[in-house]
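Participant: Take a look at input.csv, CSV, C-alpha atoms:
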chain,number,residue,atom,x,y,z
A,1,MET,CA,-29.7,-37.3,10.2
A,2,ILE,CA,-31.1,-34.3,11.9
A,3,SER,CA,-29.5,-32.9,15.0
A,4,CYS,CA,-30.9,-30.3,17.3
A,5,SER,CA,-29.0,-28.4,19.9
A,6,SER,CA,-30.3,-26.2,22.6
A,7,THR,CA,-28.9,-24.1,25.4
A,8,PRO,CA,-28.9,-26.2,28.6
A,9,ARG,CA,-31.4,-25.0,31.1
A,10,MET,CA,-30.5,-24.1,34.6
A,11,GLU,CA,-32.4,-24.0,37.9
A,12,SER,CA,-32.7,-20.7,39.7
A,13,ARG,CA,-31.9,-22.4,43.1
A,14,ALA,CA,-28.6,-23.7,41.7
A,15,ILE,CA,-27.7,-20.3,40.4
A,16,ARG,CA,-28.6,-18.6,43.7
A,17,SER,CA,-26.4,-21.1,45.6
A,18,ASP,CA,-23.5,-20.3,43.3
A,19,MET,CA,-24.2,-16.6,43.7
A,20,LYS,CA,-23.9,-16.8,47.4
A,21,LYS,CA,-20.4,-18.2,47.0
A,22,LYS,CA,-19.5,-15.5,44.6
A,23,ALA,CA,-21.0,-12.8,46.9
A,24,GLU,CA,-18.9,-14.1,49.8
A,25,PHE,CA,-15.8,-14.0,47.7
A,26,LEU,CA,-16.5,-10.5,46.3
A,27,ALA,CA,-17.1,-9.2,49.9
A,28,LYS,CA,-13.5,-10.1,50.6
A,29,ASN,CA,-12.0,-9.4,47.2
A,30,SER,CA,-13.7,-6.4,45.7
A,31,ARG,CA,-10.8,-5.9,43.2
A,32,ASP,CA,-12.1,-9.0,41.4
A,33,ILE,CA,-15.5,-7.4,40.6
A,34,PRO,CA,-14.5,-6.6,36.9
A,35,ARG,CA,-13.9,-10.4,36.4
A,36,LEU,CA,-17.7,-10.8,36.5
A,37,LYS,CA,-17.8,-9.5,32.9
A,38,ASP,CA,-16.4,-12.8,31.7
A,39,GLN,CA,-18.8,-14.9,33.8
A,40,ARG,CA,-22.0,-15.5,31.9
A,41,LEU,CA,-24.5,-18.3,32.1
A,42,GLY,CA,-26.4,-19.5,29.1
A,43,LYS,CA,-26.9,-17.2,26.1
A,44,THR,CA,-28.4,-14.2,28.0
A,45,GLY,CA,-27.3,-14.5,31.7
A,46,TYR,CA,-25.0,-11.9,33.2
A,47,TYR,CA,-24.1,-10.5,36.6
A,48,TYR,CA,-24.2,-7.0,37.9
A,49,ILE,CA,-23.8,-5.3,41.3
A,50,LEU,CA,-26.4,-2.9,42.7
A,51,SER,CA,-25.9,-0.7,45.8
A,52,ASN,CA,-28.6,-0.4,48.5
A,53,THR,CA,-29.2,3.2,47.2
A,54,GLY,CA,-30.1,1.8,43.7
A,55,ARG,CA,-26.8,2.8,42.0
A,56,ILE,CA,-25.2,0.4,39.6
A,57,ILE,CA,-21.7,-0.4,41.0
A,58,TYR,CA,-20.8,-2.9,38.2
A,59,HIS,CA,-22.5,-3.9,35.0
A,60,PRO,CA,-21.2,-5.5,31.8
A,61,GLN,CA,-22.6,-2.5,29.9
A,62,GLU,CA,-20.2,0.1,31.3
A,63,ALA,CA,-22.4,3.0,30.4
A,64,LEU,CA,-24.8,2.0,33.2
A,65,ILE,CA,-22.2,2.1,35.9
A,66,GLY,CA,-22.9,4.9,38.3
A,67,LEU,CA,-26.5,5.4,37.2
A,68,SER,CA,-29.2,5.3,39.9
A,69,PHE,CA,-32.3,3.2,39.4
A,70,PHE,CA,-33.6,3.6,43.0
A,71,GLU,CA,-37.1,4.7,41.9
A,72,THR,CA,-37.7,1.6,39.7
A,73,PRO,CA,-40.1,-1.1,40.9
A,74,LEU,CA,-37.3,-3.8,40.4
A,75,VAL,CA,-34.7,-2.0,42.5
A,76,LYS,CA,-37.3,-1.2,45.3
A,77,LYS,CA,-38.1,-4.9,45.5
A,78,ILE,CA,-34.4,-5.9,45.6
A,79,THR,CA,-33.6,-3.4,48.4
A,80,SER,CA,-36.6,-4.4,50.4
A,81,ARG,CA,-36.3,-8.2,50.0
A,82,LYS,CA,-32.5,-8.4,50.2
A,83,GLU,CA,-32.5,-11.8,48.6
A,84,GLY,CA,-34.7,-13.6,46.1
A,85,CYS,CA,-35.9,-13.9,42.6
A,86,ILE,CA,-38.1,-11.5,40.5
A,87,ARG,CA,-39.6,-12.0,37.1
A,88,GLN,CA,-40.4,-9.0,34.9
A,89,PHE,CA,-41.1,-8.1,31.3
A,90,LEU,CA,-38.4,-5.8,30.0
A,91,GLU,CA,-38.0,-4.7,26.4
A,92,GLY,CA,-40.5,-7.4,25.3
A,93,MET,CA,-38.7,-10.2,27.0
A,94,ASP,CA,-39.6,-12.3,30.1
A,95,LYS,CA,-36.5,-11.8,32.4
A,96,THR,CA,-35.7,-13.3,35.7
A,97,VAL,CA,-33.4,-11.4,38.2
A,98,ILE,CA,-31.9,-13.4,41.0
A,99,PHE,CA,-30.2,-11.4,43.8
A,100,VAL,CA,-28.2,-12.0,47.0
A,101,PRO,CA,-26.5,-9.6,49.3
A,102,ILE,CA,-22.7,-9.1,49.1
A,103,ASP,CA,-22.7,-7.1,52.3
A,104,ASP,CA,-24.9,-4.6,54.0
A,105,MET,CA,-24.6,-2.1,51.1
A,106,ASN,CA,-24.5,-4.1,47.9
A,107,TYR,CA,-26.3,-6.9,46.0
A,108,LEU,CA,-25.0,-9.3,43.5
A,109,CYS,CA,-27.7,-9.6,40.8
A,110,PHE,CA,-28.0,-12.1,37.9
A,111,SER,CA,-30.3,-11.4,34.9
A,112,ILE,CA,-31.4,-14.0,32.4
A,113,ASN,CA,-34.2,-14.7,29.9
A,114,THR,CA,-36.7,-16.8,31.9
A,115,GLN,CA,-36.9,-19.3,29.0
A,116,GLU,CA,-33.3,-20.4,29.8
A,117,LEU,CA,-34.4,-21.6,33.3
A,118,LEU,CA,-35.8,-25.0,34.1
A,119,ASP,CA,-38.0,-23.6,36.8
A,120,LYS,CA,-39.6,-20.8,34.9
A,121,ASN,CA,-42.5,-20.7,37.3
A,122,GLY,CA,-40.2,-21.0,40.4
A,123,GLN,CA,-42.1,-20.9,43.7
A,124,ASP,CA,-39.7,-18.3,45.1
A,125,CYS,CA,-39.9,-15.9,42.1
A,126,GLU,CA,-42.1,-12.9,42.5
A,127,ASN,CA,-43.7,-11.4,39.5
A,128,LEU,CA,-43.1,-7.7,39.0
A,129,ASP,CA,-46.3,-5.9,38.0
Spit out the file's structure as structure tokens when you get a sec.
Facilitator:
Amino acid sequence: MISCSSTPRMESRAIRSDMKKKAEFLAKNSRDIPRLKDQRLGKTGYYYILSNTGRIIYHPQEALIGLSFFETPLVKKITSRKEGCIRQFLEGMDKTVIFVPIDDMNYLCFSINTQELLDKNGQDCENLD
């Protein structure tokens, strides 16, 4: 008997809906931000928080906290669109970043390998050139 197991695939819309709830909670409970470290989806999905000035407020890789990425194309898209989904190739991987506002100054972002999503070619995801 041969058995195969795979990571369940998720829909970006379901993730975004859950993120909106998390963002509302974090807007009122900022002390709970470090708890994001334990909240992962799939094998590669993780959350981080980005300010409207491009500074990393929270990231599971603590060395990135406080760094500014304002001049990068991804951060420029996030701060101009406010909410959405962007696909980019990063470090040889096809990544999807879903983002929603927490408040007027911060965004909750979720990064995952695109292969883990059911809707890899989601209509609302913009490709980052």
Participant: Within 10 Å of region 85-90 of chain A, counting all atoms listed in the file, which residues show up once you throw out same-chain ones fewer than 3 positions away? Write them as a ChimeraX atom specification, please.
Facilitator: /A:12-13,16,73-74,77-78,81-82,93-100,109-114,120-129
Participant: For Ile56 (chain A), please output as a PyMOL selection string all residues within 8 Å (counting all atoms listed in the file; exclusion window: fewer than 4 positions along the same chain).
Facilitator: chain A and resi 48-51+64-69
Participant: Listing only residues of region 65-114 of chain A within 7 Å of region 23-33 of chain A, what is the closest atom pair and its distance in Å (to one decimal) for each, using only C-alpha atoms, sorted by chain and residue number ascending, as a Markdown table?
Facilitator:
| residue | atom | partner | partner_atom | distance |
| --- | --- | --- | --- | --- |
| A:Pro101 | CA | A:Ala23 | CA | 6.8 |
| A:Ile102 | CA | A:Ala23 | CA | 4.6 |
| A:Asp103 | CA | A:Ala27 | CA | 6.4 |
| A:Leu108 | CA | A:Ala23 | CA | 6.3 |
Participant: Could you check which of A:Leu36, A:His59, A:Lys43, A:Asp18 is closest to Glu116 (chain A), using all atoms listed in the file?
Facilitator: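 Closest to Glu116 (chain A) of all the choices is A:Lys43.
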Participant: My list of candidates is A:Glu91, A:Pro34, A:Thr79, A:Leu41. Which is closest to Ala14 (chain A) when distances are computed with only C-alpha atoms?
Facilitator: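 Checking each of A:Glu91, A:Pro34, A:Thr79, A:Leu41 against Ala14 (chain A), counting only C-alpha atoms, the winner is A:Leu41.
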Participant: Report the distance between CA of Pro60 (chain A) and CA of Lys37 (chain A) in Å, rounded to one decimal place.
Facilitator: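 Result for CA of Pro60 (chain A) versus CA of Lys37 (chain A): 5.4 Å, one decimal.
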